[in-house]
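Undergrad: Next up is a structure, given as structure tokens.
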Amino acid sequence: MNVLIVEDNKELAVEVYDFLCNAGYICKIANNCADALEEFGSNDYDVMLLDLGLPDGDGFEVLQTIRKTKSKIAVIVLTARGELDDRINGLHLGADDYLTKPFALTELAARLFAVIRRIHGFTLNNLSIHGFLLQLQDYKVSFNEVPLSLTKKEFDIFQYLVLNKNRVITRLQLTEHIWGDILEINSDSNFIDVHVRNLRKKLDKHTAIDWFETVRNVGYRINE
């Protein structure tokens, strides 16, 4: 998942960034309101981790602006402002969770994964589709209890398409979510297709995969 970390404390921002990147997330840092809104407007993020005390404004202003766009991005407020009124205000403005500083990175990871589960409508840490079982936190895939050997990128692609089943996902969306927007300039190359082709070969060894659709000149869709 793509995560935007909005935090003006650079040491904390880097600490959260490193921790989440090691956990498999694609992350980017914004240090103020203006940069946060610019990133939000130009890239497709799944979750925003939002500090409130920013140098050029209040994080609640960012939250209000985001919710006016009807975006489905999840927002977890991370702040030293733990007063009851602030927590209630944040939730009323559309925050999905509220975590006060100081916090344990492991708790942040657990809350982040819980928010992602709610967004995509599953309750456990596993996803199933057409006989395949994806264990999201262990990066494992099996078919009728027979394990598959997927690379990290193949697993990420499969996971993202399953989470967005019945929707067409463009090659650019896959680029941003699996590799990060740093590779946007190469979005017309065939590296996405190569990984998808290899993934298909591995899935096809176990069952017919006519539900794994290529939408010509656009991208891919997994149909339930």
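FYI, nothing fancy with the structure tokens labels: chains A, B, ... in order, residues from 1 per chain, ligands from 1 as they appear.
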From a backbone DSSP assignment, name each residue in segment 112-184 of chain A labelled strand (DSSP E or B), as a short mmCIF file (atom, residue, chain, number, x, y, z; two decimals) with N, CA, C and O atoms, in the first residue's frame.
TA:
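Dumped to states.cif:
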```cif
data_model
loop_
_atom_site.label_atom_id
_atom_site.label_comp_id
_atom_site.auth_asym_id
_atom_site.auth_seq_id
_atom_site.Cartn_x
_atom_site.Cartn_y
_atom_site.Cartn_z
N ASN A 126 -6.11 -12.80 5.84
CA ASN A 126 -6.01 -13.61 4.64
C ASN A 126 -7.05 -13.16 3.60
O ASN A 126 -8.11 -12.65 3.94
N LEU A 127 -6.70 -13.36 2.34
CA LEU A 127 -7.63 -13.13 1.23
C LEU A 127 -7.73 -14.42 0.42
O LEU A 127 -6.73 -15.12 0.23
N SER A 128 -8.92 -14.72 -0.07
CA SER A 128 -9.08 -15.91 -0.91
C SER A 128 -9.77 -15.52 -2.21
O SER A 128 -10.66 -14.66 -2.23
N ILE A 129 -9.33 -16.16 -3.29
CA ILE A 129 -9.93 -15.91 -4.61
C ILE A 129 -9.70 -17.14 -5.49
O ILE A 129 -8.57 -17.60 -5.65
N PHE A 132 -7.26 -19.76 -4.40
CA PHE A 132 -5.97 -19.27 -3.91
C PHE A 132 -6.15 -18.56 -2.57
O PHE A 132 -7.11 -17.81 -2.38
N LEU A 133 -5.23 -18.78 -1.66
CA LEU A 133 -5.25 -18.12 -0.36
C LEU A 133 -4.00 -17.26 -0.23
O LEU A 133 -2.88 -17.75 -0.35
N LEU A 134 -4.20 -15.96 0.01
CA LEU A 134 -3.09 -15.03 0.22
C LEU A 134 -3.01 -14.70 1.70
O LEU A 134 -3.97 -14.23 2.30
N GLN A 135 -1.84 -14.96 2.30
CA GLN A 135 -1.58 -14.61 3.68
C GLN A 135 -0.81 -13.29 3.66
O GLN A 135 0.40 -13.26 3.42
N LYS A 140 2.66 -15.09 1.74
CA LYS A 140 2.57 -16.45 1.26
C LYS A 140 1.29 -16.62 0.44
O LYS A 140 0.27 -16.00 0.74
N VAL A 141 1.37 -17.48 -0.58
CA VAL A 141 0.21 -17.82 -1.40
C VAL A 141 0.15 -19.33 -1.53
O VAL A 141 1.19 -19.99 -1.72
N SER A 142 -1.04 -19.88 -1.45
CA SER A 142 -1.21 -21.32 -1.64
C SER A 142 -2.47 -21.57 -2.46
O SER A 142 -3.36 -20.71 -2.55
N PHE A 143 -2.53 -22.74 -3.07
CA PHE A 143 -3.74 -23.16 -3.79
C PHE A 143 -4.13 -24.52 -3.25
O PHE A 143 -3.39 -25.50 -3.37
N VAL A 146 -1.53 -26.05 -1.24
CA VAL A 146 -0.24 -26.28 -1.89
C VAL A 146 0.45 -24.92 -2.06
O VAL A 146 -0.10 -24.03 -2.73
N PRO A 147 1.62 -24.71 -1.46
CA PRO A 147 2.25 -23.39 -1.53
C PRO A 147 2.78 -23.06 -2.92
O PRO A 147 3.23 -23.95 -3.66
N LEU A 148 2.73 -21.78 -3.28
CA LEU A 148 3.30 -21.27 -4.52
C LEU A 148 4.55 -20.48 -4.18
O LEU A 148 4.60 -19.80 -3.15
N ILE A 169 -7.31 -2.02 -13.07
CA ILE A 169 -6.15 -1.34 -12.49
C ILE A 169 -5.17 -1.05 -13.62
O ILE A 169 -4.73 -1.96 -14.32
N THR A 170 -4.83 0.20 -13.81
CA THR A 170 -3.95 0.58 -14.90
C THR A 170 -2.50 0.22 -14.58
O THR A 170 -2.14 0.01 -13.42
#
```
Undergrad: What's around segment 44-58 of chain A at 6 Å? Count only C-alpha atoms, leave out sequence neighbours fewer than 2 positions away in its own chain, and write the answer as a ChimeraX atom specification.
TA: /A:2-7,32,60-61,73-79
Undergrad: Find the residues around Thr214 of chain A up to 12 Å (only C-alpha atoms counted), leave out those fewer than 2 positions away in its own chain, and share them as a list in words.
TA: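 Here the answer would be Leu161, Arg167, Val168, Ile169, Thr170, Arg171, Asp193, Val196, Arg197, Arg200, Ile209, Asp210, Trp211, Phe212, Arg216, Asn217, Val218, Gly219, Tyr220, Arg221, Ile222 and Asn223 of chain A.
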Undergrad: Give me the residues near segment 13-15 of chain A as a ChimeraX atom specification, where near means some atom within 10 Å (using only C-alpha atoms) and where sequence neighbours in that chain fewer than 3 positions away do not count.
TA: /A:5-10,18-20,28-31,49,105
Undergrad: Between A:Trp179, A:Phe113, A:Phe103, A:Tyr98, which residue has the minimum interatomic distance to Lys153 of chain A, considering only C-alpha atoms?
TA: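 Comparing A:Trp179, A:Phe113, A:Phe103, A:Tyr98 against Lys153 of chain A, the winner is A:Trp179.
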Undergrad: Just list as a PyMOL selection string whatever in segment 83-118 of chain A DSSP marks as helix (DSSP H, G or I).
TA: chain A and resi 84-92+105-118
Undergrad: Find the residues near Gly24 of chain A: any atom within 10 Å, counting only C-alpha atoms, skip ones fewer than 5 places away on the same chain, and give them as a list in words.
TA: Met1, Asn2, Phe19, Gln137, Tyr139, Lys152, Asp156 and Ile178 of chain A
Undergrad: When you draw a straight line from atom CA of Pro102 of chain A to atom CA of Asp35 of chain A, how long is it in Å?
TA: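 Distance reported for this atom pair: 23.9 Å.
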Undergrad: Which one is closest to Asp97 of chain A: A:Asp85, A:Thr175, A:Leu112, A:Leu203? Count only C-alpha atoms.
TA: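 Using only C-alpha atoms, Asp97 of chain A sits closest to A:Leu112.
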